[in-house]
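Undergrad: upload-v2.csv is reproduced below (CSV, C-alpha atoms and all ligand atoms).
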chain,number,residue,atom,x,y,z
A,15,MET,CA,-39.8,41.6,1.7
A,16,ARG,CA,-42.1,39.8,4.1
A,17,LYS,CA,-42.7,37.1,1.6
A,18,ALA,CA,-39.0,36.7,1.1
A,19,LEU,CA,-38.4,36.5,4.8
A,20,ILE,CA,-41.1,33.9,5.2
A,21,SER,CA,-39.7,31.7,2.4
A,22,LEU,CA,-36.3,32.1,4.0
A,23,PHE,CA,-37.7,30.8,7.3
A,24,VAL,CA,-39.4,28.0,5.5
A,25,ALA,CA,-36.2,27.1,3.7
A,26,ALA,CA,-34.2,27.2,6.9
A,27,GLY,CA,-36.8,25.0,8.6
A,28,LEU,CA,-36.6,22.5,5.8
A,29,LEU,CA,-32.9,22.5,6.0
A,30,VAL,CA,-33.0,21.8,9.7
A,31,ALA,CA,-35.5,19.0,9.2
A,32,PHE,CA,-33.4,17.6,6.4
A,33,THR,CA,-30.2,17.6,8.5
A,34,ALA,CA,-32.0,16.1,11.4
A,35,GLY,CA,-33.4,13.4,9.1
A,36,CYS,CA,-29.9,12.6,7.9
A,37,LYS,CA,-28.7,12.5,11.4
A,38,ASP,CA,-31.3,10.0,12.4
A,39,ARG,CA,-30.7,7.8,9.5
A,40,GLY,CA,-27.1,8.2,10.3
A,41,ASN,CA,-27.3,6.8,13.8
A,42,GLU,CA,-25.0,4.6,12.0
A,43,ALA,CA,-22.7,7.6,11.8
A,44,GLY,CA,-23.9,9.8,9.0
A,45,GLY,CA,-24.1,7.1,6.4
A,46,GLY,CA,-21.8,4.1,6.4
A,47,THR,CA,-24.8,1.8,6.0
A,48,THR,CA,-27.8,1.8,3.7
A,49,GLY,CA,-30.5,-0.7,4.4
A,50,GLU,CA,-29.0,-4.2,4.2
A,51,ASN,CA,-25.6,-2.9,3.1
A,52,VAL,CA,-22.5,-1.7,4.9
A,53,ASN,CA,-20.7,0.7,2.5
A,54,LEU,CA,-16.9,0.4,2.3
A,55,GLY,CA,-14.7,2.4,-0.1
A,56,LEU,CA,-11.8,1.1,-2.1
A,57,PHE,CA,-9.5,3.6,-3.9
A,58,VAL,CA,-6.5,2.3,-5.8
A,59,SER,CA,-5.0,2.8,-9.2
A,60,THR,CA,-6.1,0.4,-11.9
A,61,THR,CA,-4.9,2.6,-14.8
A,62,GLY,CA,-1.8,4.7,-15.4
A,63,ALA,CA,1.9,4.1,-14.5
A,64,ILE,CA,1.2,1.8,-11.5
A,65,ALA,CA,-2.0,0.1,-12.7
A,66,THR,CA,-1.0,-3.4,-11.7
A,67,PHE,CA,-0.9,-2.2,-8.0
A,68,GLY,CA,-4.6,-1.4,-8.1
A,69,LEU,CA,-5.7,-4.3,-10.3
A,70,ASP,CA,-4.1,-6.8,-7.9
A,71,THR,CA,-5.3,-5.1,-4.8
A,72,LYS,CA,-8.9,-5.0,-6.1
A,73,ASN,CA,-8.8,-8.7,-7.2
A,74,GLY,CA,-7.6,-9.7,-3.7
A,75,ALA,CA,-10.2,-7.4,-2.0
A,76,GLU,CA,-13.0,-8.8,-4.2
A,77,ILE,CA,-12.3,-12.4,-3.1
A,78,ALA,CA,-12.5,-11.4,0.5
A,79,VAL,CA,-15.8,-9.4,-0.1
A,80,ALA,CA,-17.3,-12.4,-1.9
A,81,GLU,CA,-16.3,-14.8,0.9
A,82,ILE,CA,-17.7,-12.5,3.6
A,83,ASN,CA,-21.0,-11.8,1.9
A,84,GLU,CA,-21.5,-15.5,1.2
A,85,ALA,CA,-21.0,-16.2,4.9
A,86,GLY,CA,-23.6,-13.6,5.8
A,87,GLY,CA,-21.8,-10.3,5.7
A,88,ILE,CA,-20.7,-8.2,8.6
A,89,LYS,CA,-23.1,-8.1,11.6
A,90,GLY,CA,-25.9,-9.1,9.2
A,91,LYS,CA,-25.1,-6.5,6.5
A,92,LYS,CA,-23.6,-7.3,3.1
A,93,ILE,CA,-20.5,-5.4,2.0
A,94,ASN,CA,-21.2,-2.9,-0.8
A,95,MET,CA,-17.7,-2.0,-2.1
A,96,VAL,CA,-17.7,1.5,-3.6
A,97,PHE,CA,-14.7,1.6,-5.9
A,98,TYR,CA,-12.7,4.5,-7.5
A,99,ASP,CA,-9.7,4.2,-9.8
A,100,THR,CA,-7.1,6.7,-8.7
A,101,GLU,CA,-5.4,6.6,-12.1
A,102,SER,CA,-1.9,6.7,-10.7
A,103,LYS,CA,-2.3,10.4,-9.8
A,104,ALA,CA,-2.4,12.1,-6.5
A,105,GLU,CA,-5.1,14.5,-7.7
A,106,SER,CA,-7.4,11.7,-8.6
A,107,ALA,CA,-6.8,10.1,-5.1
A,108,GLY,CA,-7.8,13.4,-3.5
A,109,ASN,CA,-11.0,13.5,-5.6
A,110,ALA,CA,-11.8,9.9,-4.9
A,111,ALA,CA,-11.5,10.6,-1.2
A,112,THR,CA,-13.8,13.5,-1.4
A,113,LYS,CA,-16.4,11.5,-3.2
A,114,LEU,CA,-16.2,8.6,-0.8
A,115,ALA,CA,-16.4,10.9,2.2
A,116,THR,CA,-19.1,13.3,1.1
A,117,GLN,CA,-21.2,11.6,-1.6
A,118,ASP,CA,-20.9,7.8,-0.9
A,119,LYS,CA,-20.5,8.4,2.9
A,120,VAL,CA,-18.6,5.1,3.4
A,121,LEU,CA,-18.1,3.7,6.8
A,122,VAL,CA,-14.4,3.0,6.2
A,123,ALA,CA,-12.1,3.6,3.2
A,124,MET,CA,-9.4,1.2,2.0
A,125,GLY,CA,-6.5,2.6,0.0
A,126,ALA,CA,-4.3,3.8,-1.5
A,127,VAL,CA,-1.4,1.7,-2.5
A,128,ALA,CA,1.2,4.3,-3.5
A,129,SER,CA,2.2,6.4,-0.5
A,130,GLY,CA,2.0,9.7,-2.4
A,131,LEU,CA,-1.7,8.9,-3.2
A,132,SER,CA,-2.5,7.9,0.3
A,133,LEU,CA,-0.9,11.2,1.4
A,134,ALA,CA,-3.3,13.1,-0.9
A,135,ALA,CA,-6.4,11.2,0.4
A,136,ALA,CA,-5.7,11.0,4.1
A,137,PRO,CA,-6.4,14.6,5.1
A,138,VAL,CA,-9.9,14.3,3.5
A,139,PHE,CA,-10.7,11.2,5.5
A,140,GLN,CA,-9.2,12.7,8.7
A,141,ALA,CA,-11.3,15.9,8.3
A,142,ASN,CA,-14.4,13.8,7.8
A,143,LYS,CA,-13.5,11.4,10.7
A,144,ILE,CA,-13.8,8.4,8.4
A,145,PRO,CA,-11.3,5.6,9.2
A,146,MET,CA,-8.9,5.0,6.3
A,147,VAL,CA,-6.8,1.9,6.1
A,148,SER,CA,-4.0,1.6,3.5
A,149,PRO,CA,-3.2,-2.0,2.6
A,150,SER,CA,0.2,-1.1,1.3
A,151,SER,CA,1.5,2.5,1.7
A,152,THR,CA,4.8,2.2,3.5
A,153,ASN,CA,6.0,5.8,3.9
A,154,PRO,CA,6.0,6.6,7.6
A,155,THR,CA,4.2,10.0,7.1
A,156,VAL,CA,1.0,8.4,5.8
A,157,THR,CA,-0.4,7.4,9.2
A,158,GLU,CA,1.0,10.7,10.7
A,159,GLN,CA,-1.9,12.5,8.9
A,160,GLY,CA,-4.2,11.8,11.8
A,161,ASP,CA,-5.8,9.4,14.3
A,162,TYR,CA,-8.2,8.0,11.7
A,163,ILE,CA,-5.4,6.8,9.4
A,164,PHE,CA,-4.2,3.2,9.6
A,165,ARG,CA,-2.1,0.8,7.6
A,166,ILE,CA,-1.6,-3.0,7.7
A,167,CYS,CA,1.8,-3.2,6.1
A,168,TYR,CA,5.4,-2.6,7.3
A,169,LEU,CA,7.0,0.8,7.1
A,170,ASP,CA,9.8,2.2,5.0
A,171,ASP,CA,12.2,2.9,7.8
A,172,PHE,CA,12.2,-0.9,8.4
A,173,GLN,CA,12.0,-1.7,4.6
A,174,GLY,CA,14.9,0.6,3.8
A,175,GLY,CA,16.9,-0.7,6.8
A,176,ALA,CA,16.2,-4.3,5.8
A,177,CYS,CA,17.5,-3.7,2.3
A,178,ALA,CA,20.7,-2.2,3.7
A,179,VAL,CA,21.2,-5.2,6.0
A,180,PHE,CA,20.6,-7.5,3.1
A,181,ALA,CA,23.0,-5.6,0.8
A,182,TYR,CA,25.7,-5.4,3.5
A,183,LYS,CA,25.4,-8.7,5.3
A,184,ASP,CA,23.9,-11.2,2.9
A,185,LEU,CA,25.4,-9.9,-0.4
A,186,GLY,CA,28.6,-8.5,1.1
A,187,LYS,CA,28.3,-5.1,-0.7
A,188,ARG,CA,30.2,-2.1,0.6
A,189,LYS,CA,29.6,0.6,-2.1
A,190,ALA,CA,26.1,1.5,-2.9
A,191,ALA,CA,24.7,3.8,-5.5
A,192,ILE,CA,21.2,5.2,-5.0
A,193,LEU,CA,18.8,6.2,-7.7
A,194,ALA,CA,15.5,7.7,-6.6
A,195,ASN,CA,12.5,9.7,-7.9
A,196,ARG,CA,12.9,13.1,-6.2
A,197,ASP,CA,9.2,13.9,-6.7
A,198,ASP,CA,7.9,10.8,-4.9
A,199,ALA,CA,7.6,10.5,-1.1
A,200,TYR,CA,8.0,6.7,-1.2
A,201,SER,CA,11.1,6.9,-3.3
A,202,THR,CA,12.9,9.6,-1.4
A,203,GLY,CA,11.9,8.2,2.0
A,204,LEU,CA,13.2,4.7,1.2
A,205,ALA,CA,16.4,6.1,-0.3
A,206,ASN,CA,17.1,8.0,3.0
A,207,PHE,CA,16.3,5.0,5.2
A,208,PHE,CA,18.6,2.8,3.2
A,209,LYS,CA,21.3,5.3,3.3
A,210,SER,CA,21.3,5.8,7.1
A,211,LYS,CA,21.4,2.0,7.8
A,212,PHE,CA,23.9,1.2,5.1
A,213,THR,CA,26.3,3.8,6.4
A,214,ALA,CA,25.7,2.9,10.0
A,215,LEU,CA,26.7,-0.7,9.1
A,216,GLY,CA,30.0,0.6,7.7
A,217,GLY,CA,29.0,0.8,4.0
A,218,GLN,CA,29.5,3.8,1.8
A,219,ILE,CA,27.1,5.6,-0.5
A,220,VAL,CA,29.3,6.3,-3.5
A,221,THR,CA,26.7,8.3,-5.4
A,222,GLU,CA,23.1,9.6,-5.0
A,223,GLN,CA,21.3,10.2,-8.2
A,224,THR,CA,17.8,11.5,-8.5
A,225,TYR,CA,15.3,12.1,-11.4
A,226,ALA,CA,12.1,14.1,-11.8
A,227,ALA,CA,8.7,12.4,-12.2
A,228,ASN,CA,7.8,11.2,-15.7
A,229,THR,CA,11.5,10.8,-16.7
A,230,SER,CA,12.1,8.1,-19.3
A,231,ASP,CA,15.8,8.8,-20.1
A,232,PHE,CA,18.0,7.9,-17.2
A,233,ASN,CA,21.2,7.8,-19.1
A,234,THR,CA,22.9,10.7,-17.3
A,235,GLN,CA,22.2,9.2,-13.9
A,236,VAL,CA,23.2,5.8,-15.0
A,237,SER,CA,26.5,6.9,-16.4
A,238,ASN,CA,27.2,8.8,-13.1
A,239,ILE,CA,26.5,5.5,-11.4
A,240,LYS,CA,28.8,3.7,-13.8
A,241,GLY,CA,31.7,6.0,-12.9
A,242,SER,CA,31.1,5.7,-9.1
A,243,GLY,CA,32.5,2.2,-8.6
A,244,ALA,CA,29.3,1.0,-7.0
A,245,ASP,CA,29.0,-2.7,-6.2
A,246,ILE,CA,25.2,-2.5,-5.9
A,247,ILE,CA,22.5,-0.1,-7.1
A,248,PHE,CA,19.7,0.7,-4.7
A,249,ALA,CA,16.7,1.9,-6.8
A,250,PRO,CA,13.6,2.4,-4.6
A,251,VAL,CA,11.2,3.2,-7.4
A,252,TYR,CA,8.0,1.8,-8.9
A,253,TYR,CA,8.1,-1.0,-11.5
A,254,THR,CA,7.4,1.1,-14.7
A,255,ASP,CA,10.5,3.3,-14.0
A,256,MET,CA,12.5,0.3,-12.8
A,257,SER,CA,12.1,-1.6,-16.1
A,258,LEU,CA,13.4,1.4,-18.1
A,259,ILE,CA,16.2,2.0,-15.6
A,260,ALA,CA,17.3,-1.6,-15.7
A,261,LYS,CA,17.5,-1.6,-19.5
A,262,GLN,CA,19.6,1.5,-19.5
A,263,VAL,CA,21.9,0.1,-16.8
A,264,LYS,CA,22.4,-3.0,-18.8
A,265,ALA,CA,22.9,-1.1,-22.1
A,266,GLN,CA,25.7,0.9,-20.4
A,267,GLY,CA,27.4,-2.3,-19.5
A,268,ILE,CA,27.1,-2.1,-15.7
A,269,ASN,CA,27.2,-5.5,-14.2
A,270,VAL,CA,26.3,-5.2,-10.6
A,271,PRO,CA,23.0,-6.4,-8.9
A,272,MET,CA,20.2,-4.0,-8.4
A,273,LEU,CA,18.1,-3.8,-5.3
A,274,GLY,CA,14.7,-2.3,-4.6
A,275,GLY,CA,11.7,-2.3,-2.4
A,276,ASP,CA,8.1,-3.5,-2.7
A,277,GLY,CA,7.4,-1.0,-5.5
A,278,TRP,CA,9.1,-3.3,-8.0
A,279,GLU,CA,6.4,-6.0,-7.5
A,280,SER,CA,4.4,-6.3,-10.7
A,281,ASP,CA,3.7,-8.9,-13.4
A,282,LYS,CA,4.9,-6.2,-15.8
A,283,LEU,CA,8.4,-5.8,-14.3
A,284,VAL,CA,10.2,-8.6,-16.0
A,285,PRO,CA,8.3,-8.5,-19.3
A,286,GLU,CA,9.2,-4.9,-19.7
A,287,ALA,CA,12.8,-5.1,-18.4
A,288,GLY,CA,13.6,-8.2,-20.4
A,289,ASP,CA,16.6,-10.0,-18.8
A,290,ALA,CA,18.0,-6.7,-17.4
A,291,LEU,CA,17.0,-7.6,-13.9
A,292,GLU,CA,18.1,-11.2,-13.9
A,293,GLY,CA,19.6,-12.0,-10.4
A,294,SER,CA,18.5,-8.7,-8.9
A,295,TYR,CA,16.7,-8.4,-5.6
A,296,PHE,CA,13.7,-6.7,-3.9
A,297,GLY,CA,11.7,-6.8,-0.7
A,298,ASN,CA,8.0,-7.5,-0.4
A,299,HIS,CA,5.2,-8.3,2.0
A,300,TYR,CA,4.6,-12.0,1.9
A,301,SER,CA,5.7,-15.2,0.3
A,302,GLN,CA,3.4,-17.4,-1.8
A,303,GLU,CA,5.6,-20.3,-0.7
A,304,ASP,CA,4.4,-19.9,2.9
A,305,LYS,CA,3.0,-23.2,3.9
A,306,ALA,CA,0.4,-21.8,6.4
A,307,GLU,CA,-3.0,-23.1,5.6
A,308,ASN,CA,-4.7,-19.6,5.3
A,309,VAL,CA,-1.9,-18.6,2.8
A,310,GLN,CA,-2.3,-21.7,0.7
A,311,ASN,CA,-6.1,-21.5,0.6
A,312,PHE,CA,-5.9,-17.9,-0.6
A,313,VAL,CA,-3.2,-18.7,-3.2
A,314,LYS,CA,-5.3,-21.5,-4.6
A,315,LYS,CA,-8.5,-19.6,-4.7
A,316,TYR,CA,-6.8,-16.6,-6.3
A,317,THR,CA,-4.9,-18.8,-8.8
A,318,ASP,CA,-8.1,-20.7,-9.8
A,319,LYS,CA,-9.9,-17.4,-10.5
A,320,HIS,CA,-7.2,-15.3,-12.1
A,321,GLY,CA,-4.9,-17.9,-13.7
A,322,LYS,CA,-1.8,-16.6,-11.8
A,323,ALA,CA,-0.6,-16.5,-8.2
A,324,PRO,CA,-1.4,-13.5,-6.1
A,325,THR,CA,1.2,-10.8,-5.7
A,326,SER,CA,1.6,-9.3,-2.2
A,327,LEU,CA,-0.7,-6.5,-3.3
A,328,ALA,CA,-3.4,-9.0,-3.9
A,329,ALA,CA,-2.7,-10.6,-0.5
A,330,LEU,CA,-2.8,-7.2,1.3
A,331,GLY,CA,-6.0,-6.3,-0.6
A,332,TYR,CA,-7.5,-9.5,0.8
A,333,ASP,CA,-6.2,-8.9,4.3
A,334,VAL,CA,-7.4,-5.3,4.5
A,335,VAL,CA,-11.1,-6.3,4.0
A,336,TYR,CA,-10.9,-8.9,6.8
A,337,PHE,CA,-9.1,-6.4,9.0
A,338,VAL,CA,-12.0,-3.9,8.5
A,339,LYS,CA,-14.5,-6.6,9.1
A,340,GLN,CA,-12.9,-7.5,12.4
A,341,ALA,CA,-12.8,-3.8,13.5
A,342,ILE,CA,-16.5,-3.4,12.8
A,343,GLU,CA,-17.4,-6.6,14.6
A,344,GLN,CA,-15.3,-5.6,17.6
A,345,ALA,CA,-16.8,-2.1,17.6
A,346,GLY,CA,-20.2,-3.7,17.8
A,347,GLU,CA,-21.8,-0.9,15.8
A,348,PHE,CA,-21.6,0.7,12.4
A,349,ASP,CA,-20.2,3.8,14.0
A,350,ARG,CA,-17.0,5.4,12.6
A,351,ALA,CA,-15.5,6.6,15.9
A,352,LYS,CA,-16.1,3.2,17.5
A,353,VAL,CA,-14.7,1.4,14.4
A,354,ARG,CA,-11.6,3.6,14.7
A,355,ASP,CA,-11.1,2.8,18.3
A,356,ALA,CA,-11.6,-0.9,17.6
A,357,MET,CA,-9.0,-0.7,14.8
A,358,ALA,CA,-6.5,0.9,17.1
A,359,GLY,CA,-6.8,-2.0,19.5
A,360,ILE,CA,-6.5,-4.9,17.1
A,361,LYS,CA,-3.9,-7.4,18.3
A,362,ASP,CA,-2.6,-10.6,16.6
A,363,PHE,CA,-4.6,-10.2,13.5
A,364,LYS,CA,-4.0,-13.4,11.5
A,365,GLY,CA,-3.6,-12.3,7.8
A,366,VAL,CA,-2.3,-14.0,4.7
A,367,THR,CA,0.5,-11.5,4.9
A,368,GLY,CA,1.4,-12.5,8.5
A,369,THR,CA,0.1,-12.1,12.0
A,370,PHE,CA,0.3,-8.5,13.3
A,371,SER,CA,-0.9,-6.0,15.9
A,372,ILE,CA,-1.7,-2.3,15.5
A,373,ASP,CA,0.7,-0.2,17.4
A,374,SER,CA,0.2,3.2,19.1
A,375,LYS,CA,0.9,5.0,15.8
A,376,ARG,CA,-1.7,2.9,13.9
A,377,ASN,CA,1.0,0.9,12.1
A,378,ALA,CA,1.7,-2.8,11.7
A,379,ARG,CA,5.0,-4.4,12.5
A,380,LYS,CA,5.8,-7.2,10.1
A,381,PRO,CA,8.8,-9.0,8.5
A,382,ILE,CA,9.9,-8.4,5.0
A,383,SER,CA,10.6,-11.2,2.4
A,384,MET,CA,13.7,-10.6,0.2
A,385,LEU,CA,13.2,-12.0,-3.2
A,386,GLN,CA,15.5,-12.7,-6.1
A,387,ILE,CA,14.5,-12.4,-9.8
A,388,LYS,CA,15.1,-15.5,-11.7
A,389,GLY,CA,13.6,-15.6,-15.2
A,390,ALA,CA,10.0,-14.4,-14.7
A,391,ARG,CA,9.9,-15.7,-11.1
A,392,PHE,CA,10.5,-14.0,-7.8
A,393,LEU,CA,12.2,-16.5,-5.5
A,394,PRO,CA,12.3,-16.0,-1.8
A,395,VAL,CA,15.8,-15.6,-0.5
A,396,ARG,CA,15.1,-14.9,3.2
A,397,GLN,CA,12.8,-13.2,5.6
A,398,ILE,CA,14.1,-10.3,7.7
A,399,LYS,CA,12.4,-9.5,11.0
A,400,PRO,CA,12.0,-6.0,12.5
A,401,GLU,CA,14.4,-6.9,15.4
A,402,GLU,CA,17.2,-7.5,13.0
A,403,VAL,CA,17.1,-3.9,11.7
A,404,GLU,CA,16.2,-1.9,14.8
B,501,LIG,N1,4.8,0.5,-0.5
B,501,LIG,C1,4.5,1.3,-1.8
B,501,LIG,C2,4.3,2.7,-1.4
B,501,LIG,O1,4.0,3.0,-0.3
B,501,LIG,C3,3.4,0.7,-2.5
B,501,LIG,C4,3.5,-0.8,-2.9
B,501,LIG,C5,3.1,-1.7,-1.9
B,501,LIG,C6,3.9,-1.2,-4.1
B,501,LIG,C7,3.2,-3.1,-2.2
B,501,LIG,C8,4.0,-2.6,-4.4
B,501,LIG,C9,3.7,-3.5,-3.4
B,501,LIG,O2,4.3,3.6,-2.2
Can the structure in the file be given as structure tokens, please?
Ligand code: PHE

TA:
Amino acid sequence: MRKALISLFVAAGLLVAFTAGCKDRGNEAGGGTTGENVNLGLFVSTTGAIATFGLDTKNGAEIAVAEINEAGGIKGKKINMVFYDTESKAESAGNAATKLATQDKVLVAMGAVASGLSLAAAPVFQANKIPMVSPSSTNPTVTEQGDYIFRICYLDDFQGGACAVFAYKDLGKRKAAILANRDDAYSTGLANFFKSKFTALGGQIVTEQTYAANTSDFNTQVSNIKGSGADIIFAPVYYTDMSLIAKQVKAQGINVPMLGGDGWESDKLVPEAGDALEGSYFGNHYSQEDKAENVQNFVKKYTDKHGKAPTSLAALGYDVVYFVKQAIEQAGEFDRAKVRDAMAGIKDFKGVTGTFSIDSKRNARKPISMLQIKGARFLPVRQIKPEEVE
């Protein structure tokens, strides 16, 4: 018994010593840095139904990391990017967050793309007080998860409203049908924001159709839309579903334009939809045609490396790394709480996806570019600014 007690004390002592050791090393906030490196996490989906979102984001982020490391790193430390594929699944995003927080002990985490995946990861980072910055999750509730959660893209209340303004004013549409994925926060959110703005403008929602996750046969919903007399179909869904929907819309002989949000943006959209989306429209985060020098430098660098122009996902992936760099530099220390505070105060950050400031809700306010699908190209139609929608 005595022996057991002694070993218990020894063990407890060791534990205290170990924890103290960690704390010391963690002056730089319980990890975050190791030797010459600053550890930053990236968690996006590079496999599964939305794989191109993560592949593009990762490509963009890697260009920024290489540039920064070549130029000497962040406050003398090289970026070590710890990457997890979130496999297009919320559960994998939650697991990646736990690993980044407790095992890799990153200073800051960047991700996810899909709002549903960011929503699965955010509570983990918030509980561990690790700043998380989503490059591209637009659902408003993402940053509501806590004061360590940020984003550098516009929000869906704006995006949905801008799509409604575009449909009503630019395209002259008055009768919209909505088709949304009822199991996805991004999709249902965007559908509702579109609906309230379109009706406020005087338009009518002639039918609201929804489907469950992993649906591939949309024919019932499509035939309901056909019977509704809609003059436009708003489908705020991701590109894999959209290609299938577009083909079924075309097969049923419906001949009205379709409209969507940023979730359509993928190199796979048109190859998989064939010509079913010709002339349709969607909104996104930047324009490759922007003549600004920083935009053109990035477009050239990316195109030279990958043989294709960067999507807005790639541009946001590039911007998020520089955003984190600026926050760490302004914090002056590799300390998560200080980095969080610096992030909250960033003003006039000049990114490839535009110049923006972080507001009191840890969000960015940026314009949206409405694009039209012509062949395999996405041509800019016009930019809509936040003031036009509010
Ligand atoms: N905004 C989408 C979401 O929140 C993700 C996305 C961003 C998709 C940019 C494509 C381009 O779920």

Undergrad: Enumerate residues in contact with ligand LIG 501 (chain B): an atom-to-atom distance of at most 6 Å, counting all atoms listed in the file. Format the result as JSON, numbers by chain.

TA: {"A": [127, 128, 129, 150, 151, 152, 153, 200, 276, 277, 279, 327]}

Undergrad: Tell me which protein, DNA and RNA residues are within 6 Å of region 182-189 of chain A, counting only C-alpha atoms, leaving out same-chain ones fewer than 2 positions away, and put them as a short mmCIF file (atom, residue, chain, number, x, y, z; two decimals) with C-alpha atoms, keeping the file's coordinate frame.

TA:
data_model
loop_
_atom_site.label_atom_id
_atom_site.label_comp_id
_atom_site.auth_asym_id
_atom_site.auth_seq_id
_atom_site.Cartn_x
_atom_site.Cartn_y
_atom_site.Cartn_z
CA ALA A 178 20.70 -2.20 3.70
CA VAL A 179 21.20 -5.20 6.00
CA PHE A 180 20.60 -7.50 3.10
CA GLY A 217 29.00 0.80 4.00
CA GLN A 218 29.50 3.80 1.80
CA ILE A 219 27.10 5.60 -0.50
CA VAL A 220 29.30 6.30 -3.50
CA ALA A 244 29.30 1.00 -7.00
CA ASP A 245 29.00 -2.70 -6.20
#

Undergrad: Quote the spacing between CA of Asn233 (chain A) and CA of Ser210 (chain A) in Å to one decimal place.

TA: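 Computed distance, CA of Asn233 (chain A) to CA of Ser210 (chain A), equals 26.3 Å.
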
Undergrad: For Gly243 (chain A), work out the shell of residues within 10 Å, counting only C-alpha atoms and skipping chain neighbours fewer than 4 positions away, then give it as a PyMOL selection string.

TA: chain A and resi 189-191+220-221+238-239+268+270

Undergrad: Show which residues sit within 6 Å of Leu133 (chain A), as a PyMOL selection string. Count all atoms listed in the file, and ignore same-chain residues fewer than 3 positions away.

TA: chain A and resi 130+136+156

Undergrad: Go ahead and compute the interatomic distance for CA of Gln302 (chain A) and CA of Glu81 (chain A), in Å to one decimal.

TA: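 Going from CA of Gln302 (chain A) over to CA of Glu81 (chain A), I get 20.1 Å.
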
Undergrad: Find the residues of region 274-341 of chain A that sit at most 10 Å from region 345-359 of chain A; for each, write down the nearest two atoms and how far apart they are in Å, to one decimal. Count all atoms listed in the file. Sort by chain, then by number going up, and give it as a Markdown table.

TA:
| residue | atom | partner | partner_atom | distance |
| --- | --- | --- | --- | --- |
| A:Phe337 | CA | A:Met357 | CA | 8.1 |
| A:Val338 | CA | A:Met357 | CA | 7.7 |
| A:Lys339 | CA | A:Val353 | CA | 9.6 |
| A:Gln340 | CA | A:Met357 | CA | 8.2 |
| A:Ala341 | CA | A:Met357 | CA | 5.1 |

Undergrad: Please list as a list in words every residue within 9 Å of Lys211 (chain A), counting only C-alpha atoms and excluding residues in the same chain fewer than 4 positions away.

TA: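 In the requested form, the answer reads Gly174, Gly175, Ala176, Cys177, Ala178, Val179, Asn206, Phe207, Leu215, Gly216, Gly217 and Val403 of chain A.
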
Undergrad: From the list A:Ser201, A:Asn109, A:Ser230, A:Thr325, which residue is nearest Lys261 (chain A) when using only C-alpha atoms?

TA: A:Ser230

Undergrad: Please measure the separation of CA of Val147 (chain A) and CA of Met124 (chain A), giving the value in Å to one decimal.

TA: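 Taking CA of Val147 (chain A) as the start and CA of Met124 (chain A) as the end point, the length is 4.9 Å.
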
Undergrad: (-6.0, 8.5, -11.6) in this file's frame - what residues fall within 12 Å of it? Use only C-alpha atoms and give the answer as a compact mmCIF listing (two decimals) with C-alpha atoms, in the frame of the given file.

TA:
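File written: part-v2.txt
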# COMPACT_ATOMS: atom_id res chain seq x y z
CA PHE A 57 -9.50 3.60 -3.90
CA VAL A 58 -6.50 2.30 -5.80
CA SER A 59 -5.00 2.80 -9.20
CA THR A 60 -6.10 0.40 -11.90
CA THR A 61 -4.90 2.60 -14.80
CA GLY A 62 -1.80 4.70 -15.40
CA ALA A 63 1.90 4.10 -14.50
CA ILE A 64 1.20 1.80 -11.50
CA ALA A 65 -2.00 0.10 -12.70
CA GLY A 68 -4.60 -1.40 -8.10
CA TYR A 98 -12.70 4.50 -7.50
CA ASP A 99 -9.70 4.20 -9.80
CA THR A 100 -7.10 6.70 -8.70
CA GLU A 101 -5.40 6.60 -12.10
CA SER A 102 -1.90 6.70 -10.70
CA LYS A 103 -2.30 10.40 -9.80
CA ALA A 104 -2.40 12.10 -6.50
CA GLU A 105 -5.10 14.50 -7.70
CA SER A 106 -7.40 11.70 -8.60
CA ALA A 107 -6.80 10.10 -5.10
CA GLY A 108 -7.80 13.40 -3.50
CA ASN A 109 -11.00 13.50 -5.60
CA ALA A 110 -11.80 9.90 -4.90
CA ALA A 111 -11.50 10.60 -1.20
CA ALA A 126 -4.30 3.80 -1.50
CA ALA A 128 1.20 4.30 -3.50
CA LEU A 131 -1.70 8.90 -3.20
CA ALA A 134 -3.30 13.10 -0.90

Undergrad: Here is a test: counting all atoms listed in the file, which residue of A:Ala328, A:Ile259, A:Leu169, A:Leu114 is nearest to Ser280 (chain A)?

TA: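 Ranked by minimum distance to Ser280 (chain A), first place goes to A:Ala328.
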
Undergrad: Select from region 60-147 of chain A every residue with an atom at most 7 Å from any atom of region 44-50 of chain A, then for each give the shortest pair of atoms and their distance in Å to one decimal, using all atoms listed in the file, rows by chain and rising number, as CSV.

TA:
residue,atom,partner,partner_atom,distance
A:Lys91,CA,A:Glu50,CA,5.1
A:Lys92,CA,A:Glu50,CA,6.3
A:Lys119,CA,A:Gly45,CA,5.2
A:Val120,CA,A:Gly46,CA,4.5
A:Leu121,CA,A:Gly46,CA,3.7
